[in-house]
file target00.txt (compact mmCIF, C-alpha atoms)
# COMPACT_ATOMS: atom_id res chain seq x y z
CA MET A 6 -80.03 99.67 -167.14
CA SER A 7 -76.38 100.19 -166.24
CA GLU A 8 -74.35 102.43 -168.48
CA GLY A 9 -72.14 100.50 -170.87
CA ASN A 10 -73.84 97.12 -170.44
CA PRO A 11 -75.43 95.63 -173.53
CA PRO A 12 -79.12 94.77 -173.28
CA VAL A 13 -79.72 91.19 -172.19
CA SER A 14 -83.27 91.14 -173.48
CA THR A 15 -83.97 92.70 -176.86
CA ARG A 16 -87.53 91.29 -176.96
CA ARG A 17 -87.10 90.63 -180.69
CA GLY A 18 -87.51 86.89 -180.05
CA ASP A 19 -90.97 87.34 -178.61
CA ASP A 20 -92.36 86.40 -182.03
CA GLY A 21 -90.66 82.96 -181.97
CA THR A 22 -87.70 83.92 -184.14
CA THR A 23 -84.04 84.55 -183.44
CA THR A 24 -81.22 86.32 -185.25
CA LEU A 25 -78.25 84.38 -186.60
CA LEU A 26 -74.76 85.83 -186.58
CA GLY A 27 -74.28 87.64 -189.84
CA GLY A 28 -77.93 88.66 -189.95
CA GLY A 29 -81.17 87.06 -190.92
CA ARG A 30 -83.97 85.79 -188.68
CA MET A 31 -84.94 82.18 -188.23
CA SER A 32 -87.71 80.33 -186.41
CA LYS A 33 -86.70 79.03 -183.00
CA ARG A 34 -88.17 75.66 -184.02
CA ASP A 35 -85.73 75.34 -186.93
CA PRO A 36 -83.48 72.26 -186.52
CA ARG A 37 -80.40 74.49 -186.73
CA ILE A 38 -81.58 76.55 -183.74
CA GLU A 39 -82.51 73.36 -181.88
CA ALA A 40 -78.98 72.06 -182.48
CA LEU A 41 -77.52 75.37 -181.35
CA GLY A 42 -79.42 75.07 -178.08
CA ASP A 43 -78.30 71.48 -177.56
CA VAL A 44 -74.64 72.35 -178.14
CA ASP A 45 -75.01 75.29 -175.75
CA GLU A 46 -76.49 72.92 -173.15
CA ALA A 47 -73.59 70.51 -173.70
CA SER A 48 -71.11 73.31 -173.04
CA SER A 49 -73.00 74.24 -169.87
CA ALA A 50 -72.95 70.62 -168.70
CA LEU A 51 -69.18 70.56 -169.28
CA GLY A 52 -68.96 73.77 -167.26
CA LEU A 53 -70.76 72.12 -164.37
CA ALA A 54 -68.36 69.18 -164.50
CA ARG A 55 -65.41 71.57 -164.77
CA ALA A 56 -66.60 73.43 -161.66
CA ALA A 57 -66.57 70.10 -159.80
CA SER A 58 -63.06 69.21 -160.99
CA GLU A 59 -61.11 71.49 -158.62
CA ASP A 60 -59.18 68.47 -157.26
CA THR A 61 -58.29 67.32 -160.77
CA PRO A 62 -56.90 70.31 -162.68
CA ASP A 63 -55.97 68.18 -165.69
CA ILE A 64 -59.64 67.27 -166.14
CA GLY A 65 -60.67 70.89 -165.63
CA SER A 66 -58.21 72.07 -168.27
CA LEU A 67 -59.41 69.42 -170.72
CA LEU A 68 -63.05 70.38 -170.16
CA LEU A 69 -62.29 74.05 -170.76
CA ASP A 70 -60.61 73.14 -174.06
CA MET A 71 -63.69 71.11 -175.03
CA GLN A 72 -66.00 74.00 -174.10
CA ARG A 73 -63.97 76.22 -176.40
CA LEU A 74 -64.39 73.64 -179.16
CA LEU A 75 -68.16 73.59 -178.61
CA TYR A 76 -68.17 77.40 -178.70
CA ARG A 77 -66.67 77.23 -182.20
CA VAL A 78 -69.25 74.60 -183.21
CA MET A 79 -71.95 77.03 -182.05
CA GLY A 80 -70.32 79.76 -184.12
CA ASP A 81 -70.49 77.56 -187.21
CA LEU A 82 -74.16 76.85 -186.50
CA ALA A 83 -74.99 80.51 -186.03
CA MET A 84 -73.07 81.81 -189.05
CA PRO A 85 -73.94 81.59 -192.70
CA LYS A 86 -72.94 78.34 -194.40
CA GLU A 87 -69.57 79.78 -195.41
CA ALA A 88 -68.29 79.70 -191.79
CA ASP A 89 -66.10 76.72 -190.97
CA SER A 90 -64.10 77.34 -187.82
CA VAL A 91 -63.88 73.67 -186.75
CA GLY A 92 -61.39 71.71 -188.80
CA GLU A 93 -59.02 68.77 -188.87
CA ALA A 94 -56.90 70.27 -186.08
CA ASP A 95 -59.92 70.15 -183.77
CA VAL A 96 -60.61 66.51 -184.60
CA LYS A 97 -56.93 65.80 -183.89
CA LEU A 98 -57.19 67.66 -180.56
CA VAL A 99 -60.02 65.36 -179.46
CA ASP A 100 -58.30 62.25 -180.89
CA ASP A 101 -55.06 63.06 -179.08
CA ALA A 102 -56.95 63.59 -175.82
CA LEU A 103 -58.76 60.27 -176.39
CA GLU A 104 -55.45 58.45 -176.72
CA GLU A 105 -53.91 60.20 -173.72
CA TRP A 106 -56.86 59.48 -171.42
CA ARG A 107 -57.29 55.92 -172.72
CA ASP A 108 -53.67 55.25 -171.74
CA ARG A 109 -54.30 56.70 -168.25
CA THR A 110 -57.60 54.97 -167.57
CA GLU A 111 -58.81 51.45 -166.95
CA ILE A 112 -61.87 50.95 -169.10
CA PRO A 113 -64.37 48.38 -167.80
CA ASN A 114 -65.45 45.61 -170.16
CA GLU A 115 -69.09 45.79 -169.11
CA PHE A 116 -71.84 48.37 -169.13
CA VAL A 117 -71.35 51.03 -166.46
CA ILE A 118 -74.21 52.65 -164.58
CA PRO A 119 -73.12 56.25 -163.88
CA GLY A 120 -72.54 57.35 -160.31
CA GLY A 121 -69.17 55.90 -159.30
CA SER A 122 -68.14 59.40 -158.20
CA ARG A 123 -69.66 62.88 -158.26
CA LEU A 124 -67.34 64.14 -161.00
CA GLY A 125 -67.73 60.92 -162.99
CA ALA A 126 -71.51 61.27 -162.83
CA LEU A 127 -71.33 64.90 -163.99
CA LEU A 128 -69.10 63.82 -166.88
CA ASP A 129 -71.60 61.08 -167.79
CA VAL A 130 -74.41 63.64 -167.84
CA SER A 131 -72.21 65.82 -170.05
CA ARG A 132 -71.57 62.84 -172.33
CA SER A 133 -75.27 62.15 -172.76
CA VAL A 134 -75.99 65.83 -173.51
CA VAL A 135 -73.15 65.85 -176.07
CA ARG A 136 -74.69 62.77 -177.72
CA ARG A 137 -78.06 64.57 -177.96
CA ALA A 138 -76.31 67.59 -179.44
CA GLU A 139 -74.65 65.32 -181.99
CA ARG A 140 -78.04 63.90 -183.03
CA ALA A 141 -79.40 67.44 -183.35
CA LEU A 142 -76.42 68.42 -185.53
CA VAL A 143 -77.19 65.51 -187.86
CA ALA A 144 -80.92 66.37 -187.93
CA ALA A 145 -80.01 69.96 -188.86
CA GLY A 146 -77.94 68.80 -191.85
CA PHE A 147 -74.77 70.00 -190.17
CA ALA A 148 -72.82 66.86 -191.10
CA GLU A 149 -72.78 67.81 -194.77
CA GLU A 150 -71.84 71.44 -194.13
CA HIS A 151 -69.28 70.91 -191.35
CA PRO A 152 -68.05 67.31 -191.25
CA HIS A 153 -65.09 68.08 -188.98
CA ALA A 154 -67.35 69.65 -186.38
CA LEU A 155 -69.56 66.57 -186.36
CA MET A 156 -66.51 64.27 -186.08
CA ALA A 157 -65.15 66.28 -183.16
CA VAL A 158 -68.49 66.24 -181.31
CA ASN A 159 -68.90 62.51 -181.93
CA ARG A 160 -65.46 61.77 -180.52
CA LEU A 161 -66.00 64.17 -177.61
CA SER A 162 -68.69 61.90 -176.20
CA ASP A 163 -66.25 58.97 -176.29
CA LEU A 164 -63.63 61.11 -174.57
CA LEU A 165 -66.08 62.07 -171.83
CA PHE A 166 -66.88 58.40 -171.19
CA ILE A 167 -63.19 57.65 -170.69
CA VAL A 168 -62.56 60.71 -168.51
CA ALA A 169 -65.60 59.81 -166.39
CA ARG A 170 -64.13 56.37 -165.77
CA ASN A 171 -60.84 58.06 -164.83
CA ALA A 172 -62.66 60.37 -162.42
CA ASP A 173 -64.37 57.35 -160.89
CA GLY A 174 -60.88 55.99 -160.18
CA GLY A 175 -61.08 52.97 -157.94
CA ALA A 176 -64.72 53.60 -157.07
CA GLU A 177 -66.90 50.55 -157.10
CA LEU A 178 -68.86 50.89 -160.33
CA SER A 179 -72.44 49.81 -160.63
CA ARG A 180 -72.58 47.46 -163.52
CA GLY A 181 -75.58 46.82 -165.69

call {"tool": "encode", "arguments": {"input": "target00.txt", "output": "structure tokens"}}
result
Amino acid sequence: MSEGNPPVSTRRGDDGTTTLLGGGRMSKRDPRIEALGDVDEASSALGLARAASEDTPDIGSLLLDMQRLLYRVMGDLAMPKEADSVGEADVKLVDDALEEWRDRTEIPNEFVIPGGSRLGALLDVSRSVVRRAERALVAAGFAEEHPHALMAVNRLSDLLFIVARNADGGAELSRG
């Protein structure tokens, strides 16, 4: 092991449990841990889309902001119930972005099959992962504990749909 680097593998999870921030162990099958994993996957999907957005820095910047939001959602999941780092300002951040991108984007009136562009497809994958994370948050009882976090995640999936259509630009969309 290199000097100064923290251990990547502690092996404490070999028994099927994990440690929450602030202490305490929990089963990896607990709905809260499942939700944590789904939100982490959503952030990673946004990272993949962000890496493909080099020609559209405004999309890349937006995605980084949304990854930071998801990071705070993960913090709320991993902390004791008293933690509440996602609030009204975060919901407003997503709402404002929704309005901005809705004004910049032509939204089709029919069902869209993803794949109008590479970036649009990556954003659609991100949107579907965010929707799964939202369902996991609800299943974990997160809505009652952190309603603003759930609102922000719910609206994030709508935002990603709009930004995907923007990324598709004038591409011929496959319609359902």

call {"tool": "closest_residue", "arguments": {"input": "target00.txt", "among": "A:Asn159, A:Thr15, A:Ile64, A:Met84", "to": "Ala138 (chain A)", "atoms": "only C-alpha atoms"}}
result
A:Asn159

call {"tool": "closest_residue", "arguments": {"input": "target00.txt", "among": "A:Glu150, A:Asp70, A:Glu111, A:Glu46", "to": "Leu98 (chain A)", "atoms": "all atoms listed in the file"}}
result
A:Asp70

call {"tool": "atom_distance", "arguments": {"input": "target00.txt", "atom1": "CA of Asp95 (chain A)", "atom2": "CA of Pro152 (chain A)"}}
result
11.4 Å

call {"tool": "closest_residue", "arguments": {"input": "target00.txt", "among": "A:Ser162, A:Thr22, A:Asn10, A:Ser32", "to": "Leu103 (chain A)", "atoms": "only C-alpha atoms"}}
result
A:Ser162

call {"tool": "atom_distance", "arguments": {"input": "target00.txt", "atom1": "CA of Ala172 (chain A)", "atom2": "CA of Leu127 (chain A)"}}
result
9.9 Å

call {"tool": "closest_residue", "arguments": {"input": "target00.txt", "among": "A:Val143, A:Arg37, A:Leu165, A:Leu124", "to": "Asp60 (chain A)", "atoms": "all atoms listed in the file"}}
result
A:Leu124

call {"tool": "residues_near_point", "arguments": {"input": "target00.txt", "point": "(-63.1, 77.6, -180.3)", "cutoff": "12 Å", "atoms": "only C-alpha atoms", "output": "PyMOL selection string"}}
result
chain A and resi 48+69-81+89-92+94-95+98+154+157

call {"tool": "write_last_selection", "arguments": {"input": "target00.txt", "atoms": "C-alpha atoms", "output": "PDB file, in the frame of the given file"}}
result
ATOM      1  CA  SER A  48     -71.110  73.310-173.040  1.00  0.00           C
ATOM      2  CA  LEU A  69     -62.290  74.050-170.760  1.00  0.00           C
ATOM      3  CA  ASP A  70     -60.610  73.140-174.060  1.00  0.00           C
ATOM      4  CA  MET A  71     -63.690  71.110-175.030  1.00  0.00           C
ATOM      5  CA  GLN A  72     -66.000  74.000-174.100  1.00  0.00           C
ATOM      6  CA  ARG A  73     -63.970  76.220-176.400  1.00  0.00           C
ATOM      7  CA  LEU A  74     -64.390  73.640-179.160  1.00  0.00           C
ATOM      8  CA  LEU A  75     -68.160  73.590-178.610  1.00  0.00           C
ATOM      9  CA  TYR A  76     -68.170  77.400-178.700  1.00  0.00           C
ATOM     10  CA  ARG A  77     -66.670  77.230-182.200  1.00  0.00           C
ATOM     11  CA  VAL A  78     -69.250  74.600-183.210  1.00  0.00           C
ATOM     12  CA  MET A  79     -71.950  77.030-182.050  1.00  0.00           C
ATOM     13  CA  GLY A  80     -70.320  79.760-184.120  1.00  0.00           C
ATOM     14  CA  ASP A  81     -70.490  77.560-187.210  1.00  0.00           C
ATOM     15  CA  ASP A  89     -66.100  76.720-190.970  1.00  0.00           C
ATOM     16  CA  SER A  90     -64.100  77.340-187.820  1.00  0.00           C
ATOM     17  CA  VAL A  91     -63.880  73.670-186.750  1.00  0.00           C
ATOM     18  CA  GLY A  92     -61.390  71.710-188.800  1.00  0.00           C
ATOM     19  CA  ALA A  94     -56.900  70.270-186.080  1.00  0.00           C
ATOM     20  CA  ASP A  95     -59.920  70.150-183.770  1.00  0.00           C
ATOM     21  CA  LEU A  98     -57.190  67.660-180.560  1.00  0.00           C
ATOM     22  CA  ALA A 154     -67.350  69.650-186.380  1.00  0.00           C
ATOM     23  CA  ALA A 157     -65.150  66.280-183.160  1.00  0.00           C
TER      24      ALA A 157
END

call {"tool": "closest_residue", "arguments": {"input": "target00.txt", "among": "A:Leu26, A:Leu161, A:Ile167, A:Gly21", "to": "Ala88 (chain A)", "atoms": "only C-alpha atoms"}}
result
A:Leu26

call {"tool": "residues_around", "arguments": {"input": "target00.txt", "residues": "Arg160 (chain A)", "least_positions_apart": "3", "cutoff": "9 Å", "atoms": "all atoms listed in the file", "output": "CSV table (one decimal) with C-alpha atoms, in the frame of the given file"}}
result
chain,number,residue,atom,x,y,z
A,96,VAL,CA,-60.6,66.5,-184.6
A,99,VAL,CA,-60.0,65.4,-179.5
A,100,ASP,CA,-58.3,62.2,-180.9
A,103,LEU,CA,-58.8,60.3,-176.4
A,155,LEU,CA,-69.6,66.6,-186.4
A,156,MET,CA,-66.5,64.3,-186.1
A,157,ALA,CA,-65.2,66.3,-183.2
A,163,ASP,CA,-66.2,59.0,-176.3
A,164,LEU,CA,-63.6,61.1,-174.6
A,165,LEU,CA,-66.1,62.1,-171.8

call {"tool": "atom_distance", "arguments": {"input": "target00.txt", "atom1": "CA of Val13 (chain A)", "atom2": "CA of Ala57 (chain A)"}}
result
27.8 Å

call {"tool": "closest_residue", "arguments": {"input": "target00.txt", "among": "A:Phe147, A:Leu67, A:Ile38, A:Ser14", "to": "Gly52 (chain A)", "atoms": "all atoms listed in the file"}}
result
A:Leu67

call {"tool": "residues_around", "arguments": {"input": "target00.txt", "residues": "Gly125 (chain A)", "least_positions_apart": "4", "cutoff": "10 Å", "atoms": "only C-alpha atoms", "output": "ChimeraX atom specification"}}
result
/A:54,57-58,119-121,129-131,165-174,176
